[in-house]
file input-v5.cif (mmCIF, C-alpha atoms)
data_final
#
loop_
_atom_site.label_atom_id
_atom_site.label_comp_id
_atom_site.auth_asym_id
_atom_site.auth_seq_id
_atom_site.Cartn_x
_atom_site.Cartn_y
_atom_site.Cartn_z
CA MET A 1 64.55 182.40 298.98
CA LEU A 2 61.16 183.81 299.76
CA GLU A 3 59.61 183.17 303.15
CA VAL A 4 56.11 184.17 304.16
CA SER A 5 54.95 183.75 307.73
CA ASN A 6 51.52 184.29 309.27
CA LEU A 7 50.47 186.64 306.51
CA ALA A 8 47.02 188.20 306.82
CA CYS A 9 45.39 190.51 304.34
CA SER A 10 42.00 192.12 303.96
CA ARG A 11 40.34 194.40 301.45
CA GLY A 12 37.98 196.79 303.21
CA ASP A 13 36.25 194.82 305.97
CA HIS A 14 36.58 191.53 304.16
CA ARG A 15 39.35 189.25 305.42
CA LEU A 16 40.89 187.52 302.39
CA PHE A 17 43.33 185.22 304.13
CA SER A 18 45.09 184.91 307.45
CA ASP A 19 47.86 182.81 309.00
CA LEU A 20 49.31 182.08 305.60
CA SER A 21 52.82 180.64 305.73
CA PHE A 22 55.02 179.15 303.05
CA ALA A 23 58.56 179.20 301.77
CA LEU A 24 59.86 179.10 298.22
CA TYR A 25 63.41 177.87 297.60
CA PRO A 26 65.58 178.28 294.49
CA GLY A 27 64.38 176.10 291.65
CA GLN A 28 60.84 175.81 293.01
CA ILE A 29 57.56 176.79 291.45
CA MET A 30 54.28 177.41 293.22
CA GLN A 31 50.78 177.89 291.91
CA ILE A 32 48.22 179.88 293.87
CA GLN A 33 44.77 178.38 293.45
CA GLY A 34 41.39 179.66 294.43
CA ALA A 35 38.04 180.79 293.14
CA ASN A 36 37.49 184.28 291.72
CA GLY A 37 37.73 186.81 294.52
CA SER A 38 39.61 184.50 296.88
CA GLY A 39 42.55 186.88 297.05
CA LYS A 40 45.08 185.43 294.59
CA THR A 41 45.92 188.76 293.03
CA SER A 42 45.93 190.45 296.44
CA LEU A 43 48.43 187.87 297.69
CA LEU A 44 50.72 188.49 294.72
CA ARG A 45 50.39 192.25 295.10
CA THR A 46 51.21 191.90 298.79
CA LEU A 47 54.35 189.97 297.84
CA CYS A 48 55.27 192.90 295.57
CA GLY A 49 54.81 195.37 298.39
CA PHE A 50 51.88 197.23 296.79
CA ILE A 51 49.58 196.15 299.61
CA ILE A 52 50.72 196.38 303.20
CA PRO A 53 49.65 193.18 304.98
CA ASP A 54 47.53 193.43 308.15
CA ASP A 55 49.80 190.99 309.88
CA GLY A 56 52.76 188.72 309.22
CA LYS A 57 56.09 189.03 307.53
CA ILE A 58 57.53 188.50 304.06
CA SER A 59 61.25 187.92 303.94
CA TRP A 60 63.70 187.57 301.09
CA ARG A 61 67.03 185.90 301.86
CA GLY A 62 66.14 186.14 305.54
CA GLU A 63 65.49 189.88 305.59
CA ASP A 64 62.18 191.70 305.73
CA VAL A 65 61.25 192.95 302.25
CA ARG A 66 59.98 196.23 303.70
CA GLU A 67 63.50 196.98 304.86
CA LEU A 68 65.19 195.61 301.74
CA ASP A 69 62.90 197.68 299.52
CA GLU A 70 64.88 198.45 296.36
CA ALA A 71 67.36 195.60 296.84
CA TYR A 72 64.37 193.23 296.75
CA PHE A 73 62.84 194.91 293.70
CA ALA A 74 66.10 194.36 291.82
CA GLU A 75 65.70 190.61 292.23
CA MET A 76 62.03 190.24 291.44
CA MET A 77 59.81 190.72 288.43
CA TYR A 78 56.06 191.18 288.52
CA LEU A 79 53.73 190.67 285.61
CA GLY A 80 50.19 191.66 286.44
CA HIS A 81 46.86 191.69 284.66
CA LEU A 82 47.85 194.93 282.99
CA ASN A 83 50.45 194.65 280.27
CA ALA A 84 52.25 197.91 281.11
CA ILE A 85 52.79 198.66 277.44
CA LYS A 86 52.02 201.92 275.65
CA ASP A 87 49.82 201.88 272.57
CA GLU A 88 51.76 204.69 270.92
CA LEU A 89 55.14 202.99 271.22
CA SER A 90 56.39 200.07 269.15
CA ALA A 91 57.00 196.64 270.68
CA LEU A 92 60.72 197.32 270.54
CA GLU A 93 60.47 200.69 272.29
CA ASN A 94 58.14 199.24 274.90
CA LEU A 95 60.50 196.39 275.72
CA ARG A 96 63.58 198.59 275.89
CA ILE A 97 61.85 201.13 278.13
CA SER A 98 60.47 198.54 280.53
CA ALA A 99 63.91 196.95 280.75
CA GLY A 100 65.28 200.43 281.50
CA LEU A 101 62.73 200.98 284.24
CA SER A 102 63.77 197.71 285.85
CA GLY A 103 67.34 198.98 285.83
CA THR A 104 69.03 197.27 282.88
CA GLU A 105 70.10 198.82 279.63
CA LEU A 106 68.93 196.67 276.76
CA ASN A 107 70.48 197.07 273.32
CA GLU A 108 68.39 196.85 270.19
CA LYS A 109 69.80 193.50 269.06
CA ASP A 110 68.91 191.70 272.29
CA ALA A 111 65.47 193.29 272.35
CA ILE A 112 64.71 192.16 268.80
CA ALA A 113 65.99 188.66 269.58
CA ALA A 114 63.67 188.47 272.60
CA LEU A 115 60.66 189.68 270.61
CA ARG A 116 61.38 187.19 267.82
CA ARG A 117 61.55 184.36 270.31
CA MET A 118 58.12 185.47 271.54
CA GLY A 119 56.84 185.01 267.98
CA LEU A 120 56.67 188.68 267.03
CA ARG A 121 58.98 188.55 264.04
CA GLY A 122 58.17 191.38 261.63
CA ARG A 123 56.11 193.23 264.21
CA GLU A 124 58.94 194.67 266.28
CA ARG A 125 58.53 198.19 264.97
CA LEU A 126 54.76 198.39 264.69
CA PRO A 127 52.91 200.53 267.24
CA THR A 128 51.43 198.12 269.75
CA LYS A 129 47.95 199.54 269.23
CA VAL A 130 47.71 197.62 265.94
CA LEU A 131 48.61 194.33 267.63
CA SER A 132 46.04 191.84 268.93
CA GLN A 133 45.45 191.18 272.65
CA GLY A 134 47.53 188.01 272.52
CA GLN A 135 50.38 189.75 270.71
CA ARG A 136 50.37 192.58 273.24
CA ARG A 137 50.56 189.99 276.02
CA ARG A 138 53.55 188.48 274.21
CA VAL A 139 55.26 191.88 274.18
CA ALA A 140 54.71 192.11 277.95
CA LEU A 141 55.96 188.55 278.48
CA ALA A 142 59.11 189.27 276.45
CA ARG A 143 60.29 191.06 279.60
CA LEU A 144 60.82 187.64 281.17
CA LEU A 145 63.46 186.95 278.52
CA VAL A 146 65.51 190.06 279.14
CA SER A 147 65.38 190.19 282.92
CA ASP A 148 67.83 188.60 285.30
CA ALA A 149 65.40 188.63 288.22
CA LYS A 150 65.48 185.60 290.50
CA LEU A 151 61.85 185.66 291.55
CA TRP A 152 59.04 185.80 289.00
CA ILE A 153 55.61 186.78 290.26
CA LEU A 154 53.15 186.12 287.45
CA ASP A 155 49.46 186.96 287.67
CA GLU A 156 47.53 185.02 285.02
CA PRO A 157 50.47 184.87 282.58
CA LEU A 158 48.51 182.69 280.16
CA ALA A 159 45.52 184.97 279.71
CA ALA A 160 44.83 185.72 276.02
CA LEU A 161 47.64 183.43 274.80
CA ASP A 162 47.27 180.73 272.16
CA VAL A 163 48.48 177.13 272.50
CA GLY A 164 51.87 177.87 270.96
CA ALA A 165 52.54 180.76 273.32
CA VAL A 166 51.46 178.70 276.34
CA ALA A 167 54.04 176.07 275.37
CA LEU A 168 56.64 178.80 275.03
CA ILE A 169 55.88 180.18 278.50
CA GLN A 170 56.17 176.67 279.94
CA GLU A 171 59.56 176.40 278.28
CA LEU A 172 60.65 179.78 279.67
CA ILE A 173 59.56 178.81 283.17
CA ALA A 174 61.43 175.50 282.92
CA GLU A 175 64.60 177.35 281.85
CA HIS A 176 64.20 179.83 284.68
CA LEU A 177 63.79 177.03 287.25
CA ALA A 178 66.83 175.24 285.83
CA ARG A 179 68.81 178.46 286.51
CA LEU A 180 67.63 178.13 290.14
CA GLY A 181 65.04 180.86 289.74
CA MET A 182 61.74 180.89 291.59
CA VAL A 183 58.25 181.28 290.19
CA ILE A 184 55.00 182.00 291.94
CA PHE A 185 51.94 182.36 289.75
CA THR A 186 48.18 182.11 289.37
CA THR A 187 46.33 180.63 286.44
CA HIS A 188 43.00 179.16 285.50
CA GLN A 189 44.51 177.17 282.65
CA PRO A 190 46.61 174.05 283.15
CA LEU A 191 50.32 174.74 283.08
CA HIS A 192 52.80 171.86 283.07
CA VAL A 193 56.48 172.28 283.54
CA ALA A 194 58.40 169.19 282.56
CA GLY A 195 60.34 167.47 285.32
CA MET A 196 59.33 169.91 288.04
CA GLU A 197 57.23 169.33 291.06
CA MET A 198 54.42 171.89 291.11
CA ARG A 199 53.50 173.05 294.57
CA CYS A 200 50.00 174.35 295.10
CA LEU A 201 48.61 176.79 297.60
CA SER A 202 44.84 176.96 297.86
CA LEU A 203 43.10 180.08 299.07
CA SER A 204 39.51 179.67 300.18
CA MET B 1 73.30 193.84 280.21
CA ASN B 2 74.53 197.04 281.79
CA LYS B 3 73.07 198.59 284.89
CA LEU B 4 71.53 202.00 284.32
CA SER B 5 72.82 204.93 286.31
CA LEU B 6 70.33 207.26 287.99
CA PHE B 7 71.04 209.98 285.48
CA SER B 8 70.44 207.78 282.46
CA LEU B 9 67.24 206.56 284.12
CA LEU B 10 66.13 210.19 284.39
CA ILE B 11 66.93 210.74 280.70
CA LEU B 12 65.06 207.55 279.79
CA VAL B 13 61.88 208.68 281.54
CA VAL B 14 62.03 212.20 280.11
CA ARG B 15 62.63 210.88 276.59
CA ARG B 16 59.83 208.35 276.90
CA ASP B 17 57.32 210.97 278.02
CA LEU B 18 58.40 213.41 275.31
CA VAL B 19 58.04 210.75 272.61
CA LEU B 20 54.59 209.87 273.96
CA ALA B 21 53.62 213.55 273.97
CA MET B 22 54.83 213.94 270.38
CA ARG B 23 52.67 211.02 269.30
CA ARG B 24 49.66 212.40 271.18
CA ARG B 25 50.04 216.00 270.09
CA ALA B 26 46.40 216.95 270.67
CA ASP B 27 46.92 216.84 274.45
CA VAL B 28 49.77 219.33 274.27
CA LEU B 29 47.94 221.69 271.97
CA THR B 30 44.76 221.81 274.07
CA THR B 31 46.69 223.19 277.05
CA LEU B 32 48.33 225.87 274.93
CA ILE B 33 45.13 226.84 273.14
CA PHE B 34 43.29 227.01 276.47
CA PHE B 35 45.95 229.40 277.77
CA VAL B 36 45.75 231.64 274.70
CA MET B 37 41.93 231.65 274.77
CA VAL B 38 41.60 232.55 278.46
CA VAL B 39 44.11 235.37 278.11
CA SER B 40 42.47 236.70 274.93
CA LEU B 41 39.00 236.68 276.46
CA PHE B 42 39.92 239.33 279.03
CA PRO B 43 40.38 242.30 276.65
CA LEU B 44 37.07 241.36 275.03
CA GLY B 45 35.29 241.22 278.36
CA VAL B 46 36.87 244.22 280.07
CA GLY B 47 36.98 246.58 277.14
CA PRO B 48 39.83 248.19 275.19
CA GLU B 49 41.04 250.61 277.86
CA MET B 50 44.84 250.49 277.50
CA ASP B 51 45.79 251.58 281.01
CA MET B 52 43.60 249.00 282.68
CA LEU B 53 44.72 246.19 280.37
CA ARG B 54 48.37 247.01 280.96
CA LYS B 55 47.77 246.85 284.71
CA MET B 56 45.83 243.62 284.54
CA ALA B 57 48.17 241.80 282.17
CA PRO B 58 50.57 240.05 284.61
CA GLY B 59 47.73 238.84 286.81
CA VAL B 60 45.69 237.57 283.88
CA LEU B 61 48.63 235.76 282.31
CA TRP B 62 49.66 234.16 285.59
CA VAL B 63 46.15 233.00 286.50
CA ALA B 64 45.67 231.62 283.00
CA ALA B 65 48.99 229.76 283.24
CA LEU B 66 47.92 228.35 286.61
CA LEU B 67 44.60 227.11 285.21
CA ALA B 68 46.23 225.72 282.07
CA SER B 69 48.71 223.71 284.10
CA MET B 70 45.84 222.30 286.23
CA LEU B 71 44.24 221.13 283.00
CA SER B 72 47.17 218.93 282.06
CA LEU B 73 48.04 217.67 285.56
CA GLY B 74 45.32 215.03 285.55
CA ARG B 75 47.17 213.23 282.75
CA LEU B 76 50.51 213.22 284.54
CA PHE B 77 50.14 209.78 286.11
CA SER B 78 46.71 208.56 284.99
CA ALA B 79 47.76 206.98 281.67
CA ASP B 80 50.59 205.09 283.37
CA TYR B 81 48.21 204.07 286.15
CA LEU B 82 45.60 202.68 283.77
CA ASP B 83 47.96 200.61 281.61
CA GLY B 84 50.01 199.23 284.48
CA THR B 85 53.26 201.08 283.77
CA LEU B 86 53.03 202.78 287.15
CA GLU B 87 53.11 199.37 288.90
CA GLN B 88 56.36 198.64 287.10
CA MET B 89 57.73 202.05 288.07
CA LEU B 90 56.99 201.40 291.75
CA LEU B 91 58.94 198.15 291.44
CA ALA B 92 61.92 199.85 289.86
CA PRO B 93 65.07 198.91 291.75
CA GLN B 94 66.31 202.48 291.54
CA SER B 95 64.89 205.45 293.29
CA LEU B 96 61.22 206.10 292.54
CA SER B 97 61.87 209.79 293.29
CA VAL B 98 64.16 209.99 290.26
CA LEU B 99 61.47 208.49 288.03
CA VAL B 100 58.99 210.99 289.42
CA LEU B 101 61.43 213.85 288.84
CA GLY B 102 61.75 212.73 285.22
CA LYS B 103 57.98 212.74 284.79
CA MET B 104 57.77 216.22 286.35
CA ALA B 105 60.49 217.52 284.04
CA SER B 106 58.81 216.20 280.90
CA HIS B 107 55.44 217.47 282.09
CA TRP B 108 56.92 220.94 282.39
CA MET B 109 58.55 220.74 278.95
CA VAL B 110 55.26 219.69 277.40
CA SER B 111 52.80 221.91 279.26
CA GLY B 112 54.79 224.66 281.00
CA LEU B 113 57.44 225.66 278.49
CA PRO B 114 55.03 226.28 275.57
CA LEU B 115 53.12 228.75 277.78
CA VAL B 116 56.33 230.62 278.56
CA LEU B 117 57.21 230.77 274.86
CA MET B 118 53.74 232.08 274.01
CA THR B 119 53.90 234.83 276.64
CA PRO B 120 55.68 237.56 274.58
CA VAL B 121 52.94 237.53 271.97
CA LEU B 122 50.19 237.68 274.57
CA GLY B 123 52.07 240.39 276.49
CA LEU B 124 52.09 242.58 273.38
CA GLN B 125 48.36 242.06 273.09
CA PHE B 126 48.07 243.80 276.48
CA ASP B 127 50.52 246.55 275.44
CA MET B 128 53.06 245.57 278.10
CA SER B 129 56.50 247.19 277.94
CA ILE B 130 59.49 245.12 276.84
CA GLU B 131 61.02 245.13 280.36
CA ALA B 132 57.73 244.04 281.89
CA ILE B 133 57.46 241.16 279.40
CA ALA B 134 61.04 240.12 280.09
CA VAL B 135 60.40 239.98 283.84
CA LEU B 136 57.12 238.17 283.29
CA ILE B 137 58.91 235.51 281.21
CA LEU B 138 61.63 235.16 283.81
CA GLY B 139 59.00 234.74 286.51
CA LEU B 140 57.11 232.16 284.48
CA LEU B 141 60.34 230.29 283.74
CA LEU B 142 60.98 229.98 287.47
CA GLY B 143 57.35 229.51 288.45
CA THR B 144 55.85 227.03 285.99
CA PRO B 145 58.21 224.20 287.05
CA ILE B 146 56.98 224.77 290.63
CA LEU B 147 53.39 224.40 289.40
CA SER B 148 54.29 221.09 287.71
CA MET B 149 56.07 219.80 290.80
CA VAL B 150 53.51 220.83 293.41
CA GLY B 151 50.75 219.69 291.07
CA ALA B 152 52.37 216.27 290.80
CA ILE B 153 51.74 215.70 294.52
CA GLY B 154 48.06 216.42 294.00
CA ALA B 155 47.96 214.27 290.86
CA ALA B 156 49.50 211.37 292.76
CA LEU B 157 47.06 211.72 295.67
CA THR B 158 43.96 211.89 293.47
CA LEU B 159 45.04 209.00 291.24
CA GLY B 160 42.20 206.66 290.34
CA LEU B 161 39.52 208.76 292.04
CA ARG B 162 36.31 209.59 290.27
CA GLY B 163 36.08 213.32 289.69
CA GLY B 164 39.73 213.57 290.65
CA GLY B 165 40.26 216.55 288.35
CA VAL B 166 38.18 218.98 290.41
CA LEU B 167 39.61 217.70 293.68
CA LEU B 168 43.09 218.07 292.22
CA SER B 169 42.49 221.77 291.46
CA LEU B 170 41.06 222.35 294.94
CA LEU B 171 44.12 220.72 296.50
CA VAL B 172 46.79 222.33 294.37
CA LEU B 173 45.55 225.86 293.59
CA PRO B 174 45.88 227.16 297.17
CA LEU B 175 49.45 225.85 297.30
CA CYS B 176 50.29 227.85 294.19
CA ILE B 177 49.28 231.21 295.68
CA PRO B 178 52.86 232.19 296.69
CA VAL B 179 54.07 231.59 293.15
CA LEU B 180 51.27 233.79 291.81
CA ILE B 181 52.04 236.58 294.29
CA PHE B 182 55.78 236.70 293.61
CA GLY B 183 55.30 236.31 289.86
CA THR B 184 52.90 239.22 289.50
CA GLY B 185 54.75 241.19 292.18
CA ALA B 186 57.93 241.11 290.12
CA VAL B 187 56.18 242.62 287.07
CA GLU B 188 54.53 245.30 289.18
CA ALA B 189 57.91 246.16 290.68
CA VAL B 190 59.56 246.64 287.30
CA THR B 191 56.73 248.79 285.94
CA SER B 192 56.94 251.07 288.98
CA GLY B 193 60.73 251.27 288.68
CA LEU B 194 61.67 249.11 291.66
CA SER B 195 64.13 246.22 291.80
CA VAL B 196 62.75 242.83 290.87
CA SER B 197 65.52 240.80 292.47
CA SER B 198 63.72 240.17 295.76
CA HIS B 199 60.62 238.70 294.09
CA LEU B 200 62.61 236.59 291.68
CA SER B 201 65.03 235.35 294.37
CA LEU B 202 62.10 234.25 296.50
CA MET B 203 60.68 232.46 293.49
CA GLY B 204 64.06 230.82 292.90
CA ALA B 205 64.12 229.72 296.52
CA LEU B 206 60.66 228.18 296.13
CA LEU B 207 61.88 226.35 293.04
CA VAL B 208 64.86 224.89 294.89
CA LEU B 209 62.64 223.86 297.80
CA ALA B 210 60.19 222.20 295.41
CA LEU B 211 63.04 220.40 293.61
CA ALA B 212 64.32 219.06 296.90
CA PHE B 213 61.08 217.82 298.42
CA THR B 214 58.29 217.31 295.89
CA PRO B 215 59.75 214.24 294.08
CA TRP B 216 60.03 212.36 297.35
CA VAL B 217 56.59 213.42 298.59
CA THR B 218 55.03 212.49 295.23
CA ALA B 219 56.72 209.08 295.33
CA GLN B 220 55.21 208.43 298.77
CA ALA B 221 51.79 209.62 297.56
CA LEU B 222 52.00 207.21 294.60
CA ARG B 223 52.74 204.31 296.92
CA ILE B 224 49.67 205.20 298.98
CA SER B 225 47.49 205.51 295.87
CA MET B 226 48.56 202.13 294.49
CA GLU B 227 47.45 200.20 297.56
#
call {"tool": "encode", "arguments": {"input": "input-v5.cif", "output": "structure tokens"}}
result
Amino acid sequence: MLEVSNLACSRGDHRLFSDLSFALYPGQIMQIQGANGSGKTSLLRTLCGFIIPDDGKISWRGEDVRELDEAYFAEMMYLGHLNAIKDELSALENLRISAGLSGTELNEKDAIAALRRMGLRGRERLPTKVLSQGQRRRVALARLLVSDAKLWILDEPLAALDVGAVALIQELIAEHLARLGMVIFTTHQPLHVAGMEMRCLSLS
Amino acid sequence: MNKLSLFSLLILVVRRDLVLAMRRRADVLTTLIFFVMVVSLFPLGVGPEMDMLRKMAPGVLWVAALLASMLSLGRLFSADYLDGTLEQMLLAPQSLSVLVLGKMASHWMVSGLPLVLMTPVLGLQFDMSIEAIAVLILGLLLGTPILSMVGAIGAALTLGLRGGGVLLSLLVLPLCIPVLIFGTGAVEAVTSGLSVSSHLSLMGALLVLALAFTPWVTAQALRISME
């Protein structure tokens, strides 16, 4: 479980949030809400360890994530604004390499199955530079299918996606929660997960 | 799903970067052509006096190799930084230093090794003796990986800065002076009939030192740059 206590973060001289505390237990989902510039992305990046908080503590299974370091990274997955895919590589190569970077060896069959489920049938071997924005986002999101991370940190996962893909992501999140995973995300579009209580955290 | 060992992770990163370099061949060629051009300009500028050219050759080749490697260093992390791959690398559950070492290795194969392979031809252009060329190549083989590794620290520190390229050269070039001194020193030693082993052993020692420390330092610099 993820526990955040008295977290404070600022960018430059501007204090984004302070005294932020919450806990996320297995099977729970939380949405971070707030206007543009309220610090949603900064909060998620702080949870990933990219930004060192001014104050407060983030713990995973009761231990400080700064001390856990790589043991924590093995159990979490971050999907940011950037897709982290290479234009020159095909969707298949991109997926297999990003799975490799997160420490798992992915065989071609599983990778193709994941891409097909994301609606990329027939486009597995095309260079991603010929794909549309939404399709590239789907390639990035296919990582959710091949990862066994417990905690998903998703920054605007629905950006550039069509209605069908949004439904698919909702389905994926529901499956992940049913496996006692945890999700923390931001979005400006409505996202409904069937049968789950959505917790909200508002930054102002 | 199998867990990847550190070694296969290293291979994965090297292979990925080599495939990317093969699909973006222009980047590789510009470094090599720059190297050849700079070296070829010297005889034109200085004049065709054989004795002088022979004396200048090791210095010219080494300085050109130094400048050519600066040229390609800016690209070492910037593409991964801009498309978000670097974020994913920092979150890798294995050692970030190993990933960095893989990137350094592929950078050397793409921008350092071609220079070494080109050296015999350019050496002949300066009328260097066969022994002198052999020592020069040996020196470059030991020295260019050091340039890639030390340069990676600078590339990581200047990541995302405007005008980072110039700052990168200012940071890294002074650190490369020892490599330059031992590299040219070895060639001078062989042409004056002395033993080259001391110069080359010192260069080897520098290489081992760089291998031991630069991946870790670069990894820390990347974490600072990502904040």
call {"tool": "atom_distance", "arguments": {"input": "input-v5.cif", "atom1": "CA of Gly74 in chain B", "atom2": "CA of Leu159 in chain B"}}
result
8.3 Å
call {"tool": "interface_residues", "arguments": {"input": "input-v5.cif", "of": "chain B", "to": "chain A", "cutoff": "6 Å", "atoms": "all atoms listed in the file", "output": "list of chain:residue names"}}
result
B:Met1, B:Asn2, B:Lys3, B:Leu4, B:Asp83, B:Gly84, B:Thr85, B:Leu91, B:Ala92, B:Pro93, B:Glu227
call {"tool": "resolve_selection", "arguments": {"input": "input-v5.cif", "expression": "the PyMOL selection byres ((chain A and resi 154-159) around 9)", "output": "list in words"}}
result
Lys40, Thr41, Leu44, Met77, Tyr78, Leu79, Gly80, His81, Gly134, Arg137, Leu141, Trp152, Ile153, Ala160, Leu161, Asp162, Ala165, Val166, Ile169, Val183, Ile184, Phe185, Thr186, Thr187, His188, Gln189 and Leu191 of chain A
call {"tool": "resolve_selection", "arguments": {"input": "input-v5.cif", "expression": "the PyMOL selection byres ((chain A and resi 195) around 12)", "output": "JSON list (two decimals) with C-alpha atoms, in the frame of the given file"}}
result
[["chain", "number", "residue", "atom", "x", "y", "z"],
["A", 27, "GLY", "CA", 64.38, 176.10, 291.65],
["A", 28, "GLN", "CA", 60.84, 175.81, 293.01],
["A", 29, "ILE", "CA", 57.56, 176.79, 291.45],
["A", 170, "GLN", "CA", 56.17, 176.67, 279.94],
["A", 171, "GLU", "CA", 59.56, 176.40, 278.28],
["A", 173, "ILE", "CA", 59.56, 178.81, 283.17],
["A", 174, "ALA", "CA", 61.43, 175.50, 282.92],
["A", 175, "GLU", "CA", 64.60, 177.35, 281.85],
["A", 177, "LEU", "CA", 63.79, 177.03, 287.25],
["A", 178, "ALA", "CA", 66.83, 175.24, 285.83],
["A", 192, "HIS", "CA", 52.80, 171.86, 283.07],
["A", 193, "VAL", "CA", 56.48, 172.28, 283.54],
["A", 194, "ALA", "CA", 58.40, 169.19, 282.56],
["A", 196, "MET", "CA", 59.33, 169.91, 288.04],
["A", 197, "GLU", "CA", 57.23, 169.33, 291.06],
["A", 198, "MET", "CA", 54.42, 171.89, 291.11]]
call {"tool": "closest_residue", "arguments": {"input": "input-v5.cif", "among": "A:Leu7, A:Leu115, A:Leu2, A:Ser21", "to": "Leu151 in chain A", "atoms": "only C-alpha atoms"}}
result
A:Leu2
call {"tool": "residues_around", "arguments": {"input": "input-v5.cif", "residues": "Leu101 in chain B", "least_positions_apart": "2", "cutoff": "12 Å", "atoms": "only C-alpha atoms", "output": "PyMOL selection string"}}
result
chain B and resi 6-7+9-14+17+76+95-99+103-108+145-146+148-150+152-153+210-219
call {"tool": "closest_residue", "arguments": {"input": "input-v5.cif", "among": "B:Ser225, B:Gln94, B:Ser195, B:Thr184", "to": "Pro58 in chain B", "atoms": "only C-alpha atoms"}}
result
B:Thr184
call {"tool": "atom_distance", "arguments": {"input": "input-v5.cif", "atom1": "CA of Ile33 in chain B", "atom2": "CA of Pro120 in chain B"}}
result
15.1 Å
call {"tool": "resolve_selection", "arguments": {"input": "input-v5.cif", "expression": "the PyMOL selection byres ((chain B and resi 167) around 12)", "output": "list in words"}}
result
Met70, Leu73, Gly74, Gly151, Gly154, Ala155, Ala156, Leu157, Thr158, Leu159, Gly160, Leu161, Arg162, Gly163, Gly164, Gly165, Val166, Leu168, Ser169, Leu170, Leu171, Val172, Leu173 and Pro174 of chain B
call {"tool": "atom_distance", "arguments": {"input": "input-v5.cif", "atom1": "CA of Pro190 in chain A", "atom2": "CA of Ala167 in chain A"}}
result
10.9 Å
call {"tool": "residues_around", "arguments": {"input": "input-v5.cif", "residues": "Phe35 in chain B", "least_positions_apart": "2", "cutoff": "6 Å", "atoms": "all atoms listed in the file", "output": "ChimeraX atom specification"}}
result
/B:32-33,37-38,64,68
call {"tool": "residues_around", "arguments": {"input": "input-v5.cif", "residues": "Leu41 in chain B", "least_positions_apart": "3", "cutoff": "12 Å", "atoms": "all atoms listed in the file", "output": "short mmCIF file (atom, residue, chain, number, x, y, z; two decimals) with C-alpha atoms, in the frame of the given file"}}
result
data_model
loop_
_atom_site.label_atom_id
_atom_site.label_comp_id
_atom_site.auth_asym_id
_atom_site.auth_seq_id
_atom_site.Cartn_x
_atom_site.Cartn_y
_atom_site.Cartn_z
CA PHE B 34 43.29 227.01 276.47
CA PHE B 35 45.95 229.40 277.77
CA VAL B 36 45.75 231.64 274.70
CA MET B 37 41.93 231.65 274.77
CA VAL B 38 41.60 232.55 278.46
CA LEU B 44 37.07 241.36 275.03
CA GLY B 45 35.29 241.22 278.36
CA VAL B 46 36.87 244.22 280.07
CA GLY B 47 36.98 246.58 277.14
CA PRO B 48 39.83 248.19 275.19
CA LEU B 53 44.72 246.19 280.37
CA ALA B 57 48.17 241.80 282.17
CA VAL B 60 45.69 237.57 283.88
CA LEU B 61 48.63 235.76 282.31
CA ALA B 64 45.67 231.62 283.00
CA LEU B 122 50.19 237.68 274.57
CA GLN B 125 48.36 242.06 273.09
CA PHE B 126 48.07 243.80 276.48
#
call {"tool": "decode", "arguments": {"input": "input-v5.cif", "residues": "range 123-137 of chain A", "atoms": "C-alpha atoms", "output": "mmCIF file, in the first residue's frame"}}
result
data_model
loop_
_atom_site.group_PDB
_atom_site.id
_atom_site.type_symbol
_atom_site.label_atom_id
_atom_site.label_comp_id
_atom_site.auth_asym_id
_atom_site.auth_seq_id
_atom_site.Cartn_x
_atom_site.Cartn_y
_atom_site.Cartn_z
ATOM 1 C CA ARG A 123 -0.033 -2.249 -37.318
ATOM 2 C CA GLU A 124 2.317 -4.167 -35.047
ATOM 3 C CA ARG A 125 5.264 -3.946 -37.398
ATOM 4 C CA LEU A 126 4.797 -0.455 -38.784
ATOM 5 C CA PRO A 127 7.210 2.244 -37.616
ATOM 6 C CA THR A 128 5.328 4.275 -35.026
ATOM 7 C CA LYS A 129 6.008 7.503 -36.910
ATOM 8 C CA VAL A 130 3.286 6.552 -39.407
ATOM 9 C CA LEU A 131 0.726 6.006 -36.637
ATOM 10 C CA SER A 132 -1.712 8.677 -35.446
ATOM 11 C CA GLN A 133 -1.461 10.366 -32.026
ATOM 12 C CA GLY A 134 -4.189 8.139 -30.615
ATOM 13 C CA GLN A 135 -2.562 4.987 -31.972
ATOM 14 C CA ARG A 136 0.797 5.994 -30.502
ATOM 15 C CA ARG A 137 -0.921 6.515 -27.153
#
